[in-house]
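Peer 1: First the structure, which I've put down as structure tokens, then a few questions once you've had a look.
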Amino acid sequence: MTRFAGVTLALAALVAVFALVSLGIGPVRLSPMSVIEALAGSGNDIQQIIVREIRLPRTILASAIGAILGLSGAALQGLLRNPLASPSLFGAPQSAAFGAVLMISLGWADVRSYMLPVAGIVMAFASVFALLVIAGRNAGLVLLILAGLAISSLAGAGTALVMNLSANPFMALEIAFWLLGSLEDRSFHHVALALPFIAVGAVILISQRASFRALSLGEETAQSLGVDVGRLRLLVISGVALGVGGAVAVSGTIGFIGLVAPHLMRPLIGHDPARLLIPSALTGSALLLVADIAVRIIPSTSDIKVGVLTSIIGVPFFLYLIMRERRSLGGGVA
Amino acid sequence: MNEAFLTADRVSVTLSSRAVLRDVSFYLPRRHLVALVGPNGAGKTTLLRAIAGLVPSQGTVTAGDATVFGLSLKQRALRFGYLPQGHVVHWPLPVHDVVALGRYPHGATDPARLAPADKTAVARAMEATDIKAFADRPVTELSGGERGRVALARVLALQAPVMLADEPTASLDPRYQIEVMQRLRAAAHAGMLVIVVTHDLGLAARFADSVLVLAEGKLVASGPPHHALSERIVGDVFRVSAYRAEHQREAVIVPWTGL
């Protein structure tokens, strides 16, 4: 068995274990055995309802959203040949959130409508597209980060304006909490809302894996090897937008999974951007499942939102990456 | 001269409303090492990119029996091995995987799973460039000269009829400059058409079978080195006079003073 296959299998097993734990955690703690029983349709009725109707949607969403975030991060890093690329640094989730919030406040959609993911996807697409246009074709890291900062600030300002203008304070409060990012109380309706978009996004990104490998040699060489780089760029933006837009529409903004997941995988399976995609997706799944388990275990006066937790952990990790890459970064800033 | 393989007919390129190439026409046979020379900004890199179909251009380029502009990206990739300046690799990939990317146009997109024909091509290219010893090392840890050989191996592994190399000797020490030119000449004489952009008139005069001289986007001379790099042309185009001699029955040109 190759190292790649070994790592991938181990990660898949890890995701399965975390999913079982996630199904067992809550006001009523269940052992992994009773979770499996309830999933299989045996055991008592209350346990079945708890596991299959209350916790299963949340667990499915955590693993799917974690996976698409990890995959999007790895794909963006491959497209831009840059280890600091990620959807949240480029303002994609923030823009998707703005789109969704706008829909809600204009009264065009409630939180259970398909308009929400569609608006999220459109805005996420627009934000990544704008980023690549503003920063230019062969943009260095500094340009990308600055443009990403500007775009996410703009999306944040737009969201703030919507809350500012909202007619009643309860709606503003609801939007604010939703923005923090959470998987609480999600039903199969939410799964149906997000999963199709996430799945299509994932298929698009994974189908382009070989092109990321050719792109390691730069855009021009990749083109000379037969890769249509312009088309690839559009496909990746679409895949990321579909995945992130769909995810944000049901969970709010959950950041930094996309940045962290590929980094955890590189020491294990190397830097090949094609081979990183699926392990990064599995790592993203595992990370979000753990974070979502943690917010249910950590004792606190009110619920900690999972999006808050991933940022609290993700931002120091980002700072650590900046420190590690300081030498190569310093050259560009001068 | 044997039969023309690559022909350009009035190729022009305009980039951001500036004419970079104007009506460049030539025909080149296989088994030739062609040096493409000219002052900075003459359009040498642009000409390579136009031949490979990487920039939009007017005019026609034909390779063998096919018009290049009518080909899909993939068909084009099988005909032209393109070696850009700088030999950039963005990730610390192992040397073997970088060379294996040369087989990408043949459908070998995963270096871990190569078909026998691809494996043979990669092994032969690595042998020809003498890089087998560091096949597993990350390419980013190699010296400039070693990285240049890896890049060359990638293009050789493609086994395309035409190689387009943009300053493959830049930033190499003298020994590797000579070595790279010898390898390119060997590849040419084994059946390829190799076009090399270079600023080194000495290397061009010594190794090339023919020379194309570009100035301000126009082809001003072409032919065997003694003709295309004559005293008059070198003086007119490069504004230098050159020391000329013969050493071990090969031509020596050393640019000497500015005119």
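Each chain in the structure tokens gets a letter, A, B and so on, in the order shown; residues start at 1 in every chain, and ligands are counted from 1 in the order they appear.
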Find the residues around Thr120 of chain B up to 12 Å (only C-alpha atoms counted), leave out those fewer than 2 positions away in its own chain, and share them as a list in words.

Peer 2: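 Listed by chain and then number, they are Val99, Ala100, Arg103, Leu114, Ala115, Pro116, Ala117, Asp118, Val122, Ala123, Arg124, Ala125, Met126, Glu127, Leu156, Ala157, Leu158 and Gln159 of chain B.
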
Peer 1: Those same residues - C-alpha atoms - I'd like them written as a PDB file, in the first residue's frame.

Peer 2:
ATOM      1  CA  VAL B  99      10.424  15.200 -15.343  1.00  0.00           C
ATOM      2  CA  ALA B 100       7.339  12.977 -15.564  1.00  0.00           C
ATOM      3  CA  ARG B 103       4.640  13.164 -20.404  1.00  0.00           C
ATOM      4  CA  LEU B 114       3.193   5.857 -15.478  1.00  0.00           C
ATOM      5  CA  ALA B 115       2.615   3.506 -18.390  1.00  0.00           C
ATOM      6  CA  PRO B 116       5.709   1.550 -19.546  1.00  0.00           C
ATOM      7  CA  ALA B 117       6.283   3.860 -22.544  1.00  0.00           C
ATOM      8  CA  ASP B 118       6.147   6.908 -20.269  1.00  0.00           C
ATOM      9  CA  VAL B 122      11.323   9.612 -18.383  1.00  0.00           C
ATOM     10  CA  ALA B 123      14.244   7.301 -17.590  1.00  0.00           C
ATOM     11  CA  ARG B 124      15.968   8.085 -20.883  1.00  0.00           C
ATOM     12  CA  ALA B 125      15.530  11.826 -20.430  1.00  0.00           C
ATOM     13  CA  MET B 126      16.964  11.625 -16.908  1.00  0.00           C
ATOM     14  CA  GLU B 127      19.882   9.604 -18.182  1.00  0.00           C
ATOM     15  CA  LEU B 156      13.188  15.789 -23.565  1.00  0.00           C
ATOM     16  CA  ALA B 157      10.780  13.316 -21.948  1.00  0.00           C
ATOM     17  CA  LEU B 158       7.975  14.773 -24.061  1.00  0.00           C
ATOM     18  CA  GLN B 159       9.707  13.473 -27.225  1.00  0.00           C
TER      19      GLN B 159
END

Peer 1: When you get a sec, could you note down which chain A residues fall within 7 Å of chain B, using only C-alpha atoms, as a list of chain:residue names?

Peer 2: A:Arg81, A:Ala210, A:Ala214, A:Ser216, A:Leu217, A:Gly218, A:Thr221, A:Ser224, A:Leu225, A:Gly226, A:His271, A:Asp272

Peer 1: May I have the residues within 12 Å of Gly41 of chain B as a PyMOL selection string, using only C-alpha atoms and disregarding those fewer than 2 positions away in the same chain?

Peer 2: chain B and resi 18-21+37-39+43-47+199+214-218+238

Peer 1: Using only C-alpha atoms, which protein or nucleic acid residues come within 10 Å of segment 18-29 of chain A? Drop anything in the same chain fewer than 6 positions from it, and give the result as a list in words.

Peer 2: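 In the requested format, the answer is Ala12, Val35, Ile36, Leu39, Gln47, Ile50, Val51, Arg52, Ile54, Arg55, Leu56, Pro57, Arg58, Thr59, Ile60, Ala62, Ser63, Ser285, Ala286, Leu287, Leu288, Leu289, Val290, Ala291, Asp292, Ile293, Ala294, Arg296 and Ile297 of chain A.
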
Peer 1: May I have the selected residues written with N, CA and C atoms, as a PDB file, in the first residue's frame?

Peer 2:
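File written: selection.pdb
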ATOM      1  N   ALA A  12      -9.988   8.595   6.607  1.00  0.00           N
ATOM      2  CA  ALA A  12     -11.391   8.206   6.456  1.00  0.00           C
ATOM      3  C   ALA A  12     -11.884   7.519   7.729  1.00  0.00           C
ATOM      4  N   VAL A  35     -25.242   4.392  19.512  1.00  0.00           N
ATOM      5  CA  VAL A  35     -25.371   5.199  18.296  1.00  0.00           C
ATOM      6  C   VAL A  35     -25.504   4.291  17.076  1.00  0.00           C
ATOM      7  N   ILE A  36     -24.628   3.282  17.017  1.00  0.00           N
ATOM      8  CA  ILE A  36     -24.675   2.360  15.873  1.00  0.00           C
ATOM      9  C   ILE A  36     -26.004   1.621  15.841  1.00  0.00           C
ATOM     10  N   LEU A  39     -28.640   3.986  14.570  1.00  0.00           N
ATOM     11  CA  LEU A  39     -28.497   4.194  13.119  1.00  0.00           C
ATOM     12  C   LEU A  39     -29.053   3.009  12.342  1.00  0.00           C
ATOM     13  N   GLN A  47     -33.849   7.061  21.556  1.00  0.00           N
ATOM     14  CA  GLN A  47     -32.472   7.118  21.052  1.00  0.00           C
ATOM     15  C   GLN A  47     -32.450   7.231  19.537  1.00  0.00           C
ATOM     16  N   ILE A  50     -33.284  10.812  18.627  1.00  0.00           N
ATOM     17  CA  ILE A  50     -32.159  11.700  18.932  1.00  0.00           C
ATOM     18  C   ILE A  50     -31.063  11.559  17.875  1.00  0.00           C
ATOM     19  N   VAL A  51     -30.676  10.341  17.596  1.00  0.00           N
ATOM     20  CA  VAL A  51     -29.545  10.119  16.679  1.00  0.00           C
ATOM     21  C   VAL A  51     -29.925  10.443  15.241  1.00  0.00           C
ATOM     22  N   ARG A  52     -31.062   9.882  14.801  1.00  0.00           N
ATOM     23  CA  ARG A  52     -31.340   9.967  13.362  1.00  0.00           C
ATOM     24  C   ARG A  52     -31.971  11.280  12.936  1.00  0.00           C
ATOM     25  N   ILE A  54     -32.195  14.310  15.098  1.00  0.00           N
ATOM     26  CA  ILE A  54     -31.625  15.540  15.663  1.00  0.00           C
ATOM     27  C   ILE A  54     -30.143  15.659  15.351  1.00  0.00           C
ATOM     28  N   ARG A  55     -29.413  14.573  15.566  1.00  0.00           N
ATOM     29  CA  ARG A  55     -27.951  14.708  15.448  1.00  0.00           C
ATOM     30  C   ARG A  55     -27.383  14.348  14.080  1.00  0.00           C
ATOM     31  N   LEU A  56     -28.043  13.454  13.365  1.00  0.00           N
ATOM     32  CA  LEU A  56     -27.476  13.018  12.078  1.00  0.00           C
ATOM     33  C   LEU A  56     -27.331  14.174  11.078  1.00  0.00           C
ATOM     34  N   PRO A  57     -28.354  15.047  10.933  1.00  0.00           N
ATOM     35  CA  PRO A  57     -28.181  16.155   9.978  1.00  0.00           C
ATOM     36  C   PRO A  57     -26.981  17.029  10.343  1.00  0.00           C
ATOM     37  N   ARG A  58     -26.837  17.280  11.651  1.00  0.00           N
ATOM     38  CA  ARG A  58     -25.727  18.125  12.100  1.00  0.00           C
ATOM     39  C   ARG A  58     -24.382  17.472  11.761  1.00  0.00           C
ATOM     40  N   THR A  59     -24.301  16.169  11.997  1.00  0.00           N
ATOM     41  CA  THR A  59     -23.049  15.462  11.731  1.00  0.00           C
ATOM     42  C   THR A  59     -22.755  15.403  10.230  1.00  0.00           C
ATOM     43  N   ILE A  60     -23.801  15.161   9.437  1.00  0.00           N
ATOM     44  CA  ILE A  60     -23.603  15.142   7.977  1.00  0.00           C
ATOM     45  C   ILE A  60     -23.124  16.503   7.497  1.00  0.00           C
ATOM     46  N   ALA A  62     -21.578  18.829   9.241  1.00  0.00           N
ATOM     47  CA  ALA A  62     -20.212  19.107   9.704  1.00  0.00           C
ATOM     48  C   ALA A  62     -19.193  18.418   8.800  1.00  0.00           C
ATOM     49  N   SER A  63     -19.443  17.141   8.465  1.00  0.00           N
ATOM     50  CA  SER A  63     -18.432  16.467   7.641  1.00  0.00           C
ATOM     51  C   SER A  63     -18.430  16.992   6.212  1.00  0.00           C
ATOM     52  N   SER A 285     -13.050  17.655   7.061  1.00  0.00           N
ATOM     53  CA  SER A 285     -14.160  16.961   7.710  1.00  0.00           C
ATOM     54  C   SER A 285     -13.854  16.690   9.174  1.00  0.00           C
ATOM     55  N   ALA A 286     -12.684  16.083   9.401  1.00  0.00           N
ATOM     56  CA  ALA A 286     -12.309  15.712  10.770  1.00  0.00           C
ATOM     57  C   ALA A 286     -12.211  16.948  11.651  1.00  0.00           C
ATOM     58  N   LEU A 287     -11.611  18.027  11.109  1.00  0.00           N
ATOM     59  CA  LEU A 287     -11.437  19.249  11.905  1.00  0.00           C
ATOM     60  C   LEU A 287     -12.775  19.846  12.310  1.00  0.00           C
ATOM     61  N   LEU A 288     -13.708  19.926  11.340  1.00  0.00           N
ATOM     62  CA  LEU A 288     -14.987  20.567  11.671  1.00  0.00           C
ATOM     63  C   LEU A 288     -15.812  19.675  12.601  1.00  0.00           C
ATOM     64  N   LEU A 289     -15.714  18.358  12.418  1.00  0.00           N
ATOM     65  CA  LEU A 289     -16.409  17.449  13.347  1.00  0.00           C
ATOM     66  C   LEU A 289     -15.875  17.649  14.765  1.00  0.00           C
ATOM     67  N   VAL A 290     -14.551  17.706  14.903  1.00  0.00           N
ATOM     68  CA  VAL A 290     -13.957  17.890  16.234  1.00  0.00           C
ATOM     69  C   VAL A 290     -14.386  19.225  16.831  1.00  0.00           C
ATOM     70  N   ALA A 291     -14.322  20.282  16.006  1.00  0.00           N
ATOM     71  CA  ALA A 291     -14.708  21.599  16.509  1.00  0.00           C
ATOM     72  C   ALA A 291     -16.162  21.591  16.954  1.00  0.00           C
ATOM     73  N   ASP A 292     -17.011  20.907  16.177  1.00  0.00           N
ATOM     74  CA  ASP A 292     -18.431  20.878  16.503  1.00  0.00           C
ATOM     75  C   ASP A 292     -18.700  19.988  17.732  1.00  0.00           C
ATOM     76  N   ILE A 293     -17.837  19.001  17.953  1.00  0.00           N
ATOM     77  CA  ILE A 293     -17.934  18.227  19.196  1.00  0.00           C
ATOM     78  C   ILE A 293     -17.488  19.098  20.365  1.00  0.00           C
ATOM     79  N   ALA A 294     -16.395  19.840  20.145  1.00  0.00           N
ATOM     80  CA  ALA A 294     -15.822  20.664  21.216  1.00  0.00           C
ATOM     81  C   ALA A 294     -16.819  21.713  21.718  1.00  0.00           C
ATOM     82  N   ARG A 296     -19.813  21.524  21.968  1.00  0.00           N
ATOM     83  CA  ARG A 296     -20.868  20.916  22.784  1.00  0.00           C
ATOM     84  C   ARG A 296     -20.316  20.445  24.131  1.00  0.00           C
ATOM     85  N   ILE A 297     -19.003  20.248  24.204  1.00  0.00           N
ATOM     86  CA  ILE A 297     -18.410  19.750  25.449  1.00  0.00           C
ATOM     87  C   ILE A 297     -17.916  20.881  26.344  1.00  0.00           C
TER      88      ILE A 297
END

Peer 1: Of the residues A:Pro32, A:Gly243, A:Gly181, A:Gly136, which is the one nearest to Leu309 of chain A, using only C-alpha atoms?

Peer 2: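 Counting only C-alpha atoms, the residue closest to Leu309 of chain A is A:Gly181.
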
Peer 1: Could you pull out the helix (DSSP H, G or I) residues of segment 4-206 of chain B from DSSP and send them as a ChimeraX atom specification?

Peer 2: /B:44-52,68-70,73-79,95-106,116-128,132-134,139-141,144-158,174-189,201-206

Peer 1: I'd like the neighbourhood of Arg30 of chain B as a list in words, where a residue qualifies if any of its atoms comes within 9 Å (using only C-alpha atoms), though same-chain residues fewer than 6 positions away should be ignored.

Peer 2: Asn2, Glu3, Ala4, Phe5, Leu6, Pro161, Val162, Ala188, His189, Gly191, Met192, Leu193 and Val194 of chain B

Peer 1: Check the smallest atom-to-atom distance from each of A:Ala160, A:Val203, A:Met33, A:Ile237 to Phe90 of chain A using only C-alpha atoms, then report the winner.

Peer 2: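 Ranking A:Ala160, A:Val203, A:Met33, A:Ile237 by distance to Phe90 of chain A, first place goes to A:Ile237.
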
Peer 1: Near Glu167 of chain B, counting only C-alpha atoms, which residues have an atom at most 7 Å away, once you skip same-chain residues fewer than 6 positions from it, shown as a list of chain:residue names?

Peer 2: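 Counting only C-alpha atoms, the residues come to B:Gln85, B:Val196, B:Val197, B:Thr198.
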
Peer 1: Go ahead and write the residues just picked, N, CA and C atoms, as a PDB file, in the first residue's frame.

Peer 2:
ATOM      1  N   GLN B  85      12.044  30.586 -19.492  1.00  0.00           N
ATOM      2  CA  GLN B  85      13.148  31.106 -18.668  1.00  0.00           C
ATOM      3  C   GLN B  85      12.900  30.810 -17.208  1.00  0.00           C
ATOM      4  N   VAL B 196      16.781  27.745 -29.843  1.00  0.00           N
ATOM      5  CA  VAL B 196      17.302  28.236 -28.566  1.00  0.00           C
ATOM      6  C   VAL B 196      17.438  29.747 -28.621  1.00  0.00           C
ATOM      7  N   VAL B 197      16.806  30.426 -27.670  1.00  0.00           N
ATOM      8  CA  VAL B 197      17.048  31.860 -27.522  1.00  0.00           C
ATOM      9  C   VAL B 197      18.314  32.022 -26.700  1.00  0.00           C
ATOM     10  N   THR B 198      19.226  32.857 -27.158  1.00  0.00           N
ATOM     11  CA  THR B 198      20.428  33.095 -26.352  1.00  0.00           C
ATOM     12  C   THR B 198      20.965  34.497 -26.602  1.00  0.00           C
TER      13      THR B 198
END

Peer 1: Can you work out which one of A:Ala194, A:Leu282, A:Leu84, A:Leu161 has the shortest atom-to-atom distance to Tyr320 of chain A, counting only C-alpha atoms?

Peer 2: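 Counting only C-alpha atoms, the residue closest to Tyr320 of chain A is A:Leu84.
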
Peer 1: If you count only C-alpha atoms, which residues fall within 10 Å of Gly120 of chain A, apart from same-chain ones fewer than 5 positions away, as a VMD selection string?

Peer 2: chain A and resid 92 to 103 115 125 to 126 241 to 250

Peer 1: Please measure the separation of atom CA of Gln58 of chain B and atom CA of Ser12 of chain B, giving the value in Å to one decimal.

Peer 2: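 Taking atom CA of Gln58 of chain B as the start and atom CA of Ser12 of chain B as the end point, the length is 5.1 Å.
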